[in-house]
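Text of upload07.txt (compact mmCIF, C-alpha atoms and all ligand atoms) as supplied:
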```txt
# COMPACT_ATOMS: atom_id res chain seq x y z
CA MET D 1 15.57 38.14 10.22
CA TYR D 2 13.24 40.12 12.44
CA LEU D 3 11.82 38.02 15.29
CA THR D 4 8.95 38.93 17.58
CA SER D 5 9.56 38.87 21.33
CA GLU D 6 7.65 35.59 21.52
CA GLU D 7 9.89 34.07 18.82
CA GLU D 8 12.99 35.36 20.66
CA LYS D 9 11.80 33.57 23.80
CA ILE D 10 11.24 30.33 21.87
CA LEU D 11 14.77 30.63 20.44
CA LYS D 12 16.17 31.00 23.97
CA GLY D 13 14.47 27.72 24.88
CA GLU D 14 11.80 29.19 27.14
CA SER D 15 9.11 27.02 25.52
CA GLY D 16 11.17 23.83 25.60
CA VAL D 17 13.92 22.28 23.51
CA GLY D 18 11.54 20.83 20.89
CA THR D 19 10.08 24.17 19.78
CA GLN D 20 13.51 25.78 20.13
CA LYS D 21 15.03 23.30 17.64
CA ALA D 22 12.09 23.72 15.27
CA LEU D 23 12.49 27.50 15.27
CA GLU D 24 16.27 27.29 14.93
CA LEU D 25 15.78 25.37 11.69
CA LEU D 26 13.25 27.87 10.35
CA VAL D 27 15.44 30.85 11.26
CA ALA D 28 18.41 29.24 9.49
CA ILE D 29 16.29 28.76 6.36
CA GLY D 30 14.96 32.31 6.65
CA ASP D 31 18.49 33.69 6.95
CA ALA D 32 19.67 31.66 3.98
CA TYR D 33 16.89 33.14 1.84
CA ASP D 34 17.10 36.67 3.30
CA ALA D 35 13.58 36.44 4.69
CA GLU D 36 12.60 39.54 6.66
CA LYS D 37 10.25 37.81 9.08
CA MET D 38 8.15 34.75 9.86
CA VAL D 39 4.51 34.51 8.76
CA PRO D 40 1.71 32.34 10.19
CA ILE D 41 0.70 29.22 8.28
CA ALA D 42 -2.67 27.50 8.25
CA ARG D 43 -1.38 23.91 7.94
CA ALA D 44 1.61 21.75 7.03
CA HIS D 45 2.37 18.41 5.43
CA ALA D 46 5.55 16.58 6.42
CA ALA D 47 6.95 14.11 3.88
CA ALA D 48 7.67 11.64 6.65
CA SER D 49 9.35 8.32 5.98
CA GLY D 50 10.23 5.31 8.07
CA GLN D 51 13.91 5.98 7.59
CA GLU D 52 16.71 7.15 9.85
CA GLY D 53 17.07 10.69 8.52
CA ASP D 54 13.51 11.37 9.58
CA LEU D 55 13.83 9.66 12.93
CA TYR D 56 16.52 12.01 14.26
CA PHE D 57 14.56 15.21 13.76
CA VAL D 58 11.15 13.82 14.75
CA GLU D 59 12.52 12.49 18.05
CA LEU D 60 14.52 15.66 18.66
CA LEU D 61 11.28 17.67 18.59
CA ALA D 62 9.06 15.09 20.30
CA ASP D 63 11.54 14.36 23.12
CA GLY D 64 11.84 18.12 23.58
CA GLY D 65 8.10 18.35 24.27
CA ALA D 66 7.07 20.06 21.01
CA LYS D 67 3.49 19.84 19.70
CA CYS D 68 2.11 20.80 16.31
CA LYS D 69 0.35 24.15 16.45
CA VAL D 70 -1.48 23.75 13.13
CA PRO D 71 -2.81 20.61 11.39
CA THR D 72 0.28 18.76 10.16
CA SER D 73 -0.36 15.64 8.10
CA THR D 74 2.18 12.89 7.41
CA ASN D 75 3.44 11.04 4.33
CA PRO D 76 3.43 7.23 4.14
CA VAL D 77 5.68 5.16 6.37
CA TYR D 78 4.29 1.61 6.59
CA ASP D 79 1.98 -0.53 8.64
CA ILE D 80 4.61 -2.57 10.44
CA GLU D 81 2.33 -5.30 11.79
CA TYR D 82 0.62 -5.77 8.41
CA PHE D 83 3.92 -6.11 6.59
CA HIS D 84 5.43 -8.34 9.24
CA ASN D 85 2.55 -10.74 8.64
CA SER D 86 3.13 -10.58 4.87
CA PHE D 87 6.92 -10.64 4.72
CA SER D 88 9.10 -12.24 7.34
CA ASN D 89 12.29 -10.63 6.11
CA ILE D 90 11.91 -7.00 7.19
CA PRO D 91 14.99 -6.50 9.39
CA GLU D 92 13.95 -5.78 12.97
CA ASP D 93 16.17 -2.67 13.16
CA GLU D 94 14.40 -1.21 10.07
CA ALA D 95 10.98 -1.96 11.55
CA GLU D 96 12.05 -0.36 14.81
CA VAL D 97 13.02 2.86 12.99
CA ALA D 98 9.58 3.01 11.33
CA ARG D 99 7.83 2.28 14.64
CA ARG D 100 9.71 5.09 16.38
CA VAL D 101 9.09 7.57 13.55
CA MET D 102 5.35 6.87 13.68
CA GLU D 103 5.32 7.12 17.46
CA GLY D 104 7.28 10.39 17.26
CA TYR D 105 4.75 12.01 14.93
CA LYS D 106 1.97 10.81 17.22
CA ARG D 107 3.64 12.41 20.25
CA LEU D 108 3.94 15.64 18.25
CA GLY D 109 0.19 15.64 17.70
CA ALA D 110 0.50 15.38 13.89
CA VAL D 111 -2.44 14.19 11.79
CA LEU D 112 -1.44 10.55 11.23
CA SER D 113 -2.65 10.40 7.64
CA TRP D 114 0.36 8.45 6.26
CA SER D 115 -0.71 9.55 2.80
CA CYS D 116 1.11 11.34 -0.03
CA VAL D 117 -2.09 12.99 -1.34
CA PRO D 118 -3.27 14.66 1.90
CA TYR D 119 -4.64 17.63 -0.06
CA LEU D 120 -7.55 15.42 -1.24
CA ASN D 121 -8.90 14.28 2.11
CA GLU D 122 -7.07 14.78 5.35
CA ASN D 123 -5.48 18.22 5.13
CA ILE D 124 -6.96 20.39 2.40
CA PRO D 125 -5.54 23.91 1.95
CA LEU D 126 -7.80 26.77 0.92
CA TYR D 127 -7.21 29.26 -1.87
CA GLY D 128 -4.81 31.99 -0.71
CA GLU D 129 -3.71 30.22 2.49
CA ILE D 130 -0.02 30.19 3.39
CA VAL D 131 0.99 26.60 4.15
CA ALA D 132 4.17 24.49 4.40
CA PHE D 133 3.76 21.39 2.23
CA SER D 134 6.50 18.94 1.34
CA GLU D 135 6.10 15.90 -0.98
CA SER D 136 6.58 15.92 -4.74
CA SER D 137 2.95 16.06 -5.90
CA ALA D 138 1.75 18.09 -2.92
CA THR D 139 3.82 21.25 -3.41
CA PRO D 140 2.86 21.95 -7.06
CA TYR D 141 -0.74 20.74 -6.56
CA VAL D 142 -1.28 23.07 -3.62
CA ASN D 143 0.32 26.05 -5.40
CA SER D 144 -1.15 25.55 -8.85
CA VAL D 145 -4.40 23.62 -8.61
CA ILE D 146 -5.64 24.96 -5.27
CA GLY D 147 -3.94 28.38 -5.22
CA ALA D 148 -2.55 28.15 -1.69
CA LEU D 149 1.04 29.36 -1.21
CA THR D 150 3.88 27.04 -0.20
CA ASN D 151 7.58 26.77 -0.76
CA ARG D 152 9.12 23.44 -1.78
CA GLU D 153 9.56 22.18 1.76
CA ALA D 154 11.55 19.27 3.10
CA ALA D 155 9.99 16.88 5.63
CA GLN D 156 11.92 18.63 8.40
CA SER D 157 11.15 22.24 7.44
CA ALA D 158 7.45 21.41 6.99
CA LEU D 159 7.35 19.69 10.38
CA ALA D 160 9.17 22.60 12.04
CA ALA D 161 6.67 25.01 10.47
CA GLY D 162 3.80 22.84 11.75
CA VAL D 163 5.25 22.98 15.27
CA ILE D 164 5.83 26.74 15.28
CA GLY D 165 2.73 27.52 13.21
CA LYS D 166 4.87 29.83 11.07
CA THR D 167 7.32 29.78 8.18
CA PRO D 168 9.95 32.28 6.99
CA LYS D 169 8.49 34.56 4.34
CA TYR D 170 10.46 34.01 1.14
CA GLY D 171 10.25 32.42 -2.31
CA LEU D 172 6.81 31.40 -3.51
CA LEU D 173 5.10 33.30 -0.71
CA PHE D 174 5.69 36.45 -2.79
CA LYS D 175 3.63 37.10 -5.92
CA GLU D 176 6.67 38.27 -7.91
CA ASN D 177 8.40 34.93 -7.28
CA ARG D 178 5.38 33.06 -8.62
CA LYS D 179 6.16 34.46 -12.05
CA ALA D 180 6.38 31.82 -14.81
CA THR D 181 9.86 31.11 -16.19
CA HIS D 182 9.43 28.64 -19.09
CA LEU D 183 6.91 28.28 -21.89
CA VAL D 184 6.01 24.67 -22.73
CA GLU D 185 3.98 24.03 -25.86
CA VAL D 186 2.20 20.69 -25.54
CA LYS D 187 1.57 19.05 -28.91
CA THR D 188 0.38 15.61 -27.87
CA SER D 189 -3.06 14.09 -27.58
CA LEU D 190 -2.79 13.28 -23.81
CA LYS D 191 -5.17 10.32 -23.70
CA ASP D 192 -5.20 9.63 -19.97
CA GLU D 193 -3.54 10.07 -16.59
CA PHE D 194 -0.61 7.87 -17.64
CA ASP D 195 0.17 10.35 -20.42
CA TYR D 196 0.09 13.15 -17.85
CA SER D 197 2.77 11.29 -15.86
CA LEU D 198 4.91 11.07 -18.99
CA LEU D 199 4.24 14.73 -19.74
CA GLY D 200 5.37 15.61 -16.22
CA TYR D 201 8.51 13.53 -16.71
CA CYS D 202 9.31 15.38 -19.97
CA VAL D 203 8.57 18.84 -18.55
CA GLY D 204 10.67 18.26 -15.40
CA LYS D 205 13.59 16.96 -17.47
CA ALA D 206 13.33 19.76 -20.02
CA ILE D 207 13.23 22.70 -17.63
CA GLY D 208 14.89 21.34 -14.48
CA TYR D 209 14.12 24.08 -11.98
CA GLY D 210 11.40 26.58 -12.85
CA ILE D 211 7.77 27.52 -13.19
CA PRO D 212 6.41 26.39 -16.56
CA VAL D 213 3.33 27.62 -18.41
CA LEU D 214 1.76 24.83 -20.44
CA THR D 215 -0.18 25.69 -23.58
CA GLY D 216 -2.07 23.32 -25.87
CA ILE D 217 -3.78 21.33 -23.08
CA PRO D 218 -7.02 20.31 -24.78
CA LYS D 219 -9.36 20.08 -21.79
CA ARG D 220 -9.39 20.50 -18.01
CA PRO D 221 -7.17 17.77 -16.54
CA SER D 222 -8.85 15.44 -14.03
CA THR D 223 -7.74 15.36 -10.40
CA GLU D 224 -5.70 12.22 -11.11
CA GLU D 225 -4.11 13.78 -14.21
CA PHE D 226 -3.08 16.82 -12.19
CA ILE D 227 -1.69 14.61 -9.41
CA ASN D 228 0.39 12.58 -11.86
CA PHE D 229 1.71 15.62 -13.67
CA CYS D 230 2.67 17.23 -10.34
CA ALA D 231 4.35 14.12 -8.95
CA MET D 232 6.44 13.49 -12.04
CA SER D 233 7.45 17.04 -12.98
CA ASN D 234 8.60 17.60 -9.41
CA THR D 235 10.58 14.33 -9.46
CA SER D 236 12.40 14.47 -12.81
CA GLY D 237 12.78 18.23 -12.21
CA ALA D 238 12.06 20.74 -9.45
CA VAL D 239 8.68 22.15 -10.42
CA SER D 240 7.00 23.64 -7.35
CA MET D 241 4.39 25.44 -9.39
CA PHE D 242 3.06 25.56 -12.95
CA TYR D 243 0.37 27.26 -14.97
CA ILE D 244 -2.19 25.92 -17.41
CA PRO D 245 -4.09 29.15 -18.08
CA GLY D 246 -7.81 28.50 -17.81
CA PHE D 247 -7.37 25.34 -15.75
CA THR D 248 -5.06 26.34 -12.88
CA VAL D 249 -6.23 29.02 -10.52
CA GLU D 250 -3.70 31.86 -10.80
CA ALA D 251 -3.23 33.74 -14.11
CA SER D 252 -5.93 33.30 -16.70
CA THR D 253 -3.57 34.08 -19.61
CA VAL D 254 0.00 33.21 -20.59
CA LYS D 255 0.93 36.90 -20.41
CA GLU D 256 -0.40 37.21 -16.89
CA ALA D 257 1.54 34.12 -15.80
CA PHE D 258 4.81 35.72 -16.99
CA GLN D 259 3.86 38.98 -15.25
CA GLY D 260 4.88 40.94 -18.34
CA ASP D 261 8.31 39.28 -18.74
CA ALA D 262 9.48 37.11 -21.63
CA PRO D 263 9.99 33.35 -21.04
CA LYS D 264 13.57 32.34 -20.20
CA ASP D 265 13.17 29.37 -22.48
CA LYS D 266 10.63 27.66 -24.74
CA THR D 267 10.11 23.92 -25.20
CA THR D 268 7.74 21.80 -27.22
CA ILE D 269 6.59 18.36 -26.07
CA THR D 270 5.30 16.02 -28.76
CA ASP D 271 4.07 12.41 -28.97
CA LYS D 272 7.64 11.42 -29.79
CA ASP D 273 8.85 12.89 -26.49
CA LEU D 274 6.22 10.94 -24.53
CA LYS D 275 7.23 7.76 -26.32
CA ARG D 276 10.90 8.41 -25.64
CA ALA D 277 10.12 9.04 -21.95
CA ASN D 278 8.18 5.79 -21.78
CA ASP D 279 11.06 3.88 -23.41
CA GLU D 280 13.63 5.49 -21.13
CA LEU D 281 11.81 4.27 -18.04
CA GLN D 282 11.62 0.61 -19.13
CA THR D 283 14.42 -1.64 -18.06
CA PHE D 284 12.86 -4.95 -19.09
CA ARG D 285 10.20 -6.78 -21.12
CA GLY D 286 8.74 -10.19 -20.34
CA GLU D 287 7.67 -12.16 -17.27
CA ILE D 288 6.84 -10.24 -14.10
CA ASP D 289 6.90 -11.08 -10.38
CA PHE D 290 4.60 -8.34 -9.16
CA VAL D 291 2.52 -5.26 -9.99
CA GLN D 292 2.78 -2.12 -7.89
CA LEU D 293 0.16 0.62 -8.21
CA GLY D 294 -0.60 3.74 -6.20
CA CYS D 295 2.46 5.96 -6.45
CA PRO D 296 1.17 8.59 -5.69
CA HIS D 297 -1.52 6.99 -3.53
CA TYR D 298 -4.51 5.98 -5.60
CA THR D 299 -7.72 7.99 -5.35
CA LEU D 300 -11.08 6.29 -4.86
CA GLN D 301 -11.78 6.62 -8.60
CA GLN D 302 -8.52 4.84 -9.42
CA VAL D 303 -9.24 2.07 -6.92
CA ALA D 304 -12.71 1.69 -8.50
CA GLU D 305 -11.07 1.33 -11.91
CA VAL D 306 -8.72 -1.38 -10.63
CA ALA D 307 -11.74 -3.23 -9.20
CA ARG D 308 -13.56 -2.89 -12.53
CA LEU D 309 -10.60 -4.25 -14.48
CA LEU D 310 -10.01 -7.13 -12.03
CA TYR D 311 -13.66 -8.11 -11.70
CA GLY D 312 -14.08 -11.85 -12.37
CA LYS D 313 -10.36 -12.31 -13.10
CA ARG D 314 -7.65 -14.15 -11.18
CA ILE D 315 -4.09 -12.96 -10.83
CA ARG D 316 -1.63 -15.63 -11.87
CA ASP D 317 -0.12 -17.76 -9.10
CA GLY D 318 3.27 -16.43 -8.08
CA VAL D 319 2.50 -12.85 -9.14
CA ALA D 320 1.89 -10.33 -6.36
CA PHE D 321 -0.37 -7.33 -6.92
CA TRP D 322 -0.27 -4.34 -4.60
CA VAL D 323 -2.42 -1.21 -4.70
CA CYS D 324 -1.25 1.56 -2.34
CA THR D 325 -3.75 4.10 -1.09
CA SER D 326 -4.70 6.16 1.96
CA ALA D 327 -6.64 4.82 4.96
CA THR D 328 -9.56 7.11 4.09
CA THR D 329 -9.76 5.79 0.54
CA ARG D 330 -9.47 2.17 1.64
CA MET D 331 -12.32 2.64 4.10
CA LEU D 332 -14.54 3.99 1.30
CA ALA D 333 -13.34 1.25 -1.08
CA GLU D 334 -14.33 -1.33 1.51
CA ARG D 335 -17.78 0.18 1.93
CA MET D 336 -18.29 0.29 -1.79
CA GLY D 337 -17.19 -3.30 -2.41
CA TYR D 338 -14.07 -2.44 -4.44
CA LYS D 339 -11.72 -3.91 -1.84
CA LYS D 340 -13.56 -7.24 -1.90
CA THR D 341 -13.42 -7.42 -5.71
CA ILE D 342 -9.73 -6.59 -5.68
CA GLU D 343 -8.97 -9.20 -3.02
CA GLN D 344 -11.08 -11.86 -4.75
CA ALA D 345 -8.81 -11.47 -7.76
CA GLY D 346 -5.77 -12.07 -5.53
CA ALA D 347 -4.59 -8.44 -5.21
CA ARG D 348 -4.13 -6.38 -2.04
CA LEU D 349 -5.19 -2.86 -1.18
CA VAL D 350 -2.63 -1.59 1.29
CA VAL D 351 -2.58 1.66 3.27
CA ASP D 352 0.02 3.93 4.87
CA THR D 353 2.92 2.80 2.73
CA CYS D 354 5.13 3.92 -0.12
CA ILE D 355 7.23 2.03 -2.65
CA ASP D 356 10.27 3.78 -1.25
CA GLU D 357 9.99 2.13 2.18
CA PRO D 358 12.13 -0.76 3.43
CA CYS D 359 9.09 -3.04 3.76
CA TRP D 360 9.44 -3.94 0.05
CA ILE D 361 12.82 -5.56 0.55
CA SER D 362 11.41 -8.90 -0.75
CA TYR D 363 11.01 -7.32 -4.20
CA LYS D 364 14.46 -5.84 -4.51
CA GLN D 365 15.69 -8.61 -6.78
CA LYS D 366 12.45 -9.06 -8.71
CA VAL D 367 10.76 -7.78 -11.84
CA GLY D 368 7.93 -5.35 -11.23
CA MET D 369 5.38 -3.62 -13.39
CA THR D 370 3.85 -0.28 -12.49
CA ASP D 371 1.72 2.45 -14.01
CA SER D 372 3.83 5.01 -12.17
CA PRO D 373 6.86 6.53 -13.87
CA LYS D 374 7.76 7.94 -10.44
CA CYS D 375 7.88 4.45 -8.96
CA ALA D 376 10.05 3.31 -11.90
CA TYR D 377 12.28 6.36 -11.62
CA TYR D 378 13.34 5.39 -8.10
CA LYS D 379 14.72 2.06 -9.39
CA ARG D 380 13.97 0.10 -6.21
CA PHE D 381 13.52 -3.24 -8.00
CA ARG D 382 15.84 -5.34 -10.16
CA GLU D 383 13.88 -4.58 -13.32
CA VAL D 384 10.84 -2.49 -13.99
CA ILE D 385 8.21 -2.29 -16.71
CA VAL D 386 6.06 0.82 -16.96
CA GLY D 387 2.64 0.67 -18.57
CA ARG D 388 -0.96 1.80 -18.43
CA LEU D 389 -3.18 0.39 -15.68
CA GLU D 390 -4.99 -1.99 -18.05
CA ASP D 391 -1.64 -3.37 -19.24
CA CYS D 392 -0.55 -3.92 -15.62
CA VAL D 393 -3.76 -5.86 -14.91
CA ASP D 394 -3.34 -7.90 -18.09
CA ALA D 395 0.28 -8.71 -17.21
CA ALA D 396 -0.71 -9.75 -13.67
CA VAL D 397 -3.33 -12.16 -15.00
CA LYS D 398 -1.02 -13.65 -17.67
CA GLY D 399 2.19 -13.45 -15.63
CA LYS D 400 3.90 -11.44 -18.33
CA GLN D 401 3.66 -8.25 -20.25
CA ARG D 402 1.78 -8.65 -23.50
FE1 LIG G 1 3.78 8.51 -2.61
FE2 LIG G 1 5.96 7.20 -2.07
FE3 LIG G 1 5.21 7.38 -4.53
S1 LIG G 1 5.31 9.05 -1.11
S2 LIG G 1 4.30 9.39 -4.58
S3 LIG G 1 4.08 6.33 -2.91
S4 LIG G 1 7.31 7.44 -3.83
```
Translate the structure described by the file into C-alpha cells.
Amino acid sequence: MYLTSEEEKILKGESGVGTQKALELLVAIGDAYDAEKMVPIARAHAAASGQEGDLYFVELLADGGAKCKVPTSTNPVYDIEYFHNSFSNIPEDEAEVARRVMEGYKRLGAVLSWSCVPYLNENIPLYGEIVAFSESSATPYVNSVIGALTNREAAQSALAAGVIGKTPKYGLLFKENRKATHLVEVKTSLKDEFDYSLLGYCVGKAIGYGIPVLTGIPKRPSTEEFINFCAMSNTSGAVSMFYIPGFTVEASTVKEAFQGDAPKDKTTITDKDLKRANDELQTFRGEIDFVQLGCPHYTLQQVAEVARLLYGKRIRDGVAFWVCTSATTRMLAERMGYKKTIEQAGARLVVDTCIDEPCWISYKQKVGMTDSPKCAYYKRFREVIVGRLEDCVDAAVKGKQR
C-alpha cells in the first residue's frame, strides 16, 4: 500500500509507539484487502467493551502516548460504581478490567459516550463522509440511512482509524462495492419496531453476508425501526449496508441499487417467517425474574413509551426491570419526568452499559424477558422470553408472561 512520507515516519515510530501500533494495524488491514492508500476519515466509533480483548489494544495505544485525531465515540462498558452498589457479586478482577478500559479510552481522548447508538446524538456522520464505525446497528445505519461510507469495522480497527484520522481505502468506500447483492421481497404487515427486529433477524439469516434490497416496505420506517433492523440483520448475518429504495439515501430504484447487475439471490419474507423467527428465539414460557430493555440503547421516544406503559403501575416484588440507554437520553428523560415515572414503578433507567457486559452476572441463571431479539440471540441468561414492549411491561407487573 502506498504510504505518504508522514505515514512512513509514523510507521517507524517517530510519533510514538501508540500511533505506530495503530498504523501497523491499519496497514495490515489495507494489505489484506489490497488497498492502494489510506484516506482521511471524519470520525470513528469504537465498539468498546469492558472485556480483556479490548483492554490489551486500548492500553497499547494509550500507554504509547496516542491520541484520537478525529471524534471517536465509544460503545457501552458499564458504570462500575453504580453496578457495585446494585450487585455485590461482580468479581473485582472483572471490574478492574472495565475500569482500565474506560480509563484507557479517556487517556486516548475518545468521546466517552458509552453508547451503541452514537449516530443519534454524540457522533453523527454527515452524508458522503468517510468514517470508521464499528457496532452492529451503527455500520448499516451509517451507510444506509445516513449515506456516510464505512466498512464493517472491529473495535480495534475503528479505534486505530480514530487515532490516525485515516482508514485504508477498500470495500464499501468504493461505489462499485456498494452494489446490492440480494433481492428481498417483504410480504408482511410490519406493525412496529419489534417486527423490524424480526425482519432483520430473517434477512440476516437468509442472506448471511451481502447487501440486500428490500421491496414491499409499506411506509418510511421510523428511526427506531431502522435501528432494530440494522442491529438484527448485522447480528444474525453480516449486513453492513442495505437498500429500501425511496427510504434509504442511496439508489432511488431497485435497478440503481444493483448498478445494472442481476441479484445473486432472491428471498421472500412473510408473516410465517417472522413468526418462526419469534418462536426460534424463545427458550421458555412462564414466570420471569427480570425484564431487560434497551438493546440497542433506547431512544428518548422509547423511554417515553416505557414511562407511559408503566405509569401508575408497580412491578411485582422480586422482578427486576432494567432499561438501558445513553447518558444523553437519560438526562433528557430525567428533565421530562420519564425517569421518575419509571423509577416509581420499580424499574431502573441505566446508562453506559450493555447486556453483554459482566455486570449482569447475577442474572446468568435466571429467566429474563426482553423486546430485543439481539439480546436473546446472545443467550446470556438461563432462559429468555422475547416479546413486544407492552408484553414485557405486563409480564413485569404480573411476574409472568401472559
Ligand atoms: Fe448495544 Fe450491547 Fe445490545 S452494544 S446493541 S446493548 S448487545
Could you state the separation of atom FE1 of ligand LIG 1 (chain G) and atom CA of D:Gly109 in Å, given to one decimal place?
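Going from atom FE1 of ligand LIG 1 (chain G) over to atom CA of D:Gly109 covers 21.8 Å.
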Could you list, as a ChimeraX atom specification, all protein and nucleic acid residues with an atom at most 7 Å from ligand LIG 1 (chain G), counting all atoms listed in the file?
/D:75-76,116,135-137,231,294-297,353-356,374-375
So which residues touch stretch 212-228 of chain D within 8 Å, counting only C-alpha atoms, skipping near sequence neighbours fewer than 2 positions away, as an MDAnalysis selection string?
chainID D and resid 137 141 145 180:187 189 192:194 196:197 200 207 210 230:232 239 241:245 247 254 257 296 299
Expressed in Å to a single decimal, how great is the separation between atom CA of D:Gln51 and atom CA of D:Leu120?
25.1 Å
Box centre and edge lengths (Å, one decimal), axis-aligned, stretch 211-227 of chain D plus 5 Å each side, as lines of an AutoDock Vina configuration file:
```
center_x = -0.8
center_y = 19.9
center_z = -17.6
size_x = 27.2
size_y = 25.4
size_z = 26.5
```
Within 9 Å of (8.2, -1.2, 8.1), only C-alpha atoms: residues as a PyMOL selection string?
chain D and resi 50+77-84+90-92+94-99+353+357-360
Counting all atoms listed in the file, figure out which residue out of D:Leu274, D:Leu293, D:Val101, D:Leu112 gets nearest to D:Ser372.
D:Leu293
Between atom CA of D:Ala138 and atom CA of D:Phe290, what is the distance, to one decimal in Å?
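Distance between the two atoms: 27.3 Å.
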Looking at all atoms listed in the file, which of D:Lys400, D:Arg100, D:Lys264, D:His45 is the one that sits closest to D:Ile124?
D:His45
Can you find the residues with an atom no farther than 12 Å from (0.7, 22.1, -0.3), counting only C-alpha atoms, and report them as a ChimeraX atom specification?
/D:41-47,72-73,116-120,123-154,158,172,230,240-241
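Proximity of D:Lys398, D:Ala251, D:Gly64, D:Ser113 to D:Gly13, computed with all atoms listed in the file, is greatest for D:Gly64.
Comparing D:Ser326, D:Met331, D:Lys340, D:Ala238 by their smallest distance to D:Gly204, the closest is D:Ala238 (using only C-alpha atoms).
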Find, counting only C-alpha atoms, the residue in D:Gln344, D:Gln292, D:Thr325, D:Ser49 that gets nearest to D:Arg380.
D:Gln292
List as JSON, numbers by chain the protein and nucleic acid residues near D:Glu7, meaning an atom at most 10 Å away when all atoms listed in the file are counted, but skip any in the same chain fewer than 3 places from it.
{"D": [2, 3, 4, 10, 11, 12, 13, 14, 15, 19, 20, 23, 27, 38, 164]}
Close residues, D:Glu383 itself excluded, 7 Å, all atoms listed in the file, min 4 positions apart in chain, as a ChimeraX atom specification:
/D:283-284,366-368
Quick one: residues within 12 Å of D:Ala62, all atoms listed in the file, excluding same-chain residues fewer than 5 positions away - as a list in words?
Gly16, Val17, Gly18, Thr19, Gln20, Lys21, Ala22, Leu55, Tyr56, Phe57, Lys67, Cys68, Arg100, Val101, Met102, Glu103, Gly104, Tyr105, Lys106, Arg107, Leu108, Gly109, Ala110, Leu159, Ala160 and Val163 of chain D
For D:Leu349, the nearest of the candidates D:Tyr298, D:Val397, D:Ile288, D:Arg382, counting all atoms listed in the file:
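Ranking D:Tyr298, D:Val397, D:Ile288, D:Arg382 by distance to D:Leu349, first place goes to D:Tyr298.
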Need to verify the contact set: D:Lys272, 12 Å, all atoms listed in the file, exclusion of same-chain residues closer than 2 positions in sequence. Can you return it as a list in words?
Val186, Lys187, Thr188, Ser189, Leu198, Leu199, Cys202, Thr268, Ile269, Thr270, Leu274, Lys275, Arg276, Ala277, Asn278 and Asp279 of chain D
Please, can stretch 212-216 of chain D be completed to all heavy atoms and returned as a short mmCIF file (atom, residue, chain, number, x, y, z; two decimals), in the coordinates of the input?
```cif
data_model
loop_
_atom_site.label_atom_id
_atom_site.label_comp_id
_atom_site.auth_asym_id
_atom_site.auth_seq_id
_atom_site.Cartn_x
_atom_site.Cartn_y
_atom_site.Cartn_z
N PRO D 212 6.83 26.42 -15.16
CA PRO D 212 6.41 26.39 -16.56
C PRO D 212 4.97 26.85 -16.77
O PRO D 212 4.13 26.70 -15.87
CB PRO D 212 6.54 24.91 -16.93
CG PRO D 212 6.34 24.18 -15.65
CD PRO D 212 6.85 25.08 -14.55
N VAL D 213 4.71 27.39 -17.96
CA VAL D 213 3.33 27.62 -18.41
C VAL D 213 3.10 26.63 -19.53
O VAL D 213 3.87 26.59 -20.49
CB VAL D 213 3.15 29.04 -18.99
CG1 VAL D 213 1.72 29.22 -19.48
CG2 VAL D 213 3.47 30.09 -17.96
N LEU D 214 2.06 25.82 -19.41
CA LEU D 214 1.76 24.83 -20.44
C LEU D 214 0.66 25.36 -21.34
O LEU D 214 -0.39 25.79 -20.83
CB LEU D 214 1.30 23.52 -19.79
CG LEU D 214 2.39 22.54 -19.34
CD1 LEU D 214 3.27 23.14 -18.26
CD2 LEU D 214 1.77 21.25 -18.83
N THR D 215 0.88 25.34 -22.64
CA THR D 215 -0.18 25.69 -23.58
C THR D 215 -0.52 24.44 -24.39
O THR D 215 0.29 23.50 -24.44
CB THR D 215 0.25 26.82 -24.53
OG1 THR D 215 1.37 26.36 -25.29
CG2 THR D 215 0.64 28.08 -23.77
N GLY D 216 -1.69 24.45 -25.01
CA GLY D 216 -2.07 23.32 -25.87
C GLY D 216 -2.74 22.18 -25.12
O GLY D 216 -2.96 21.11 -25.69
#
```
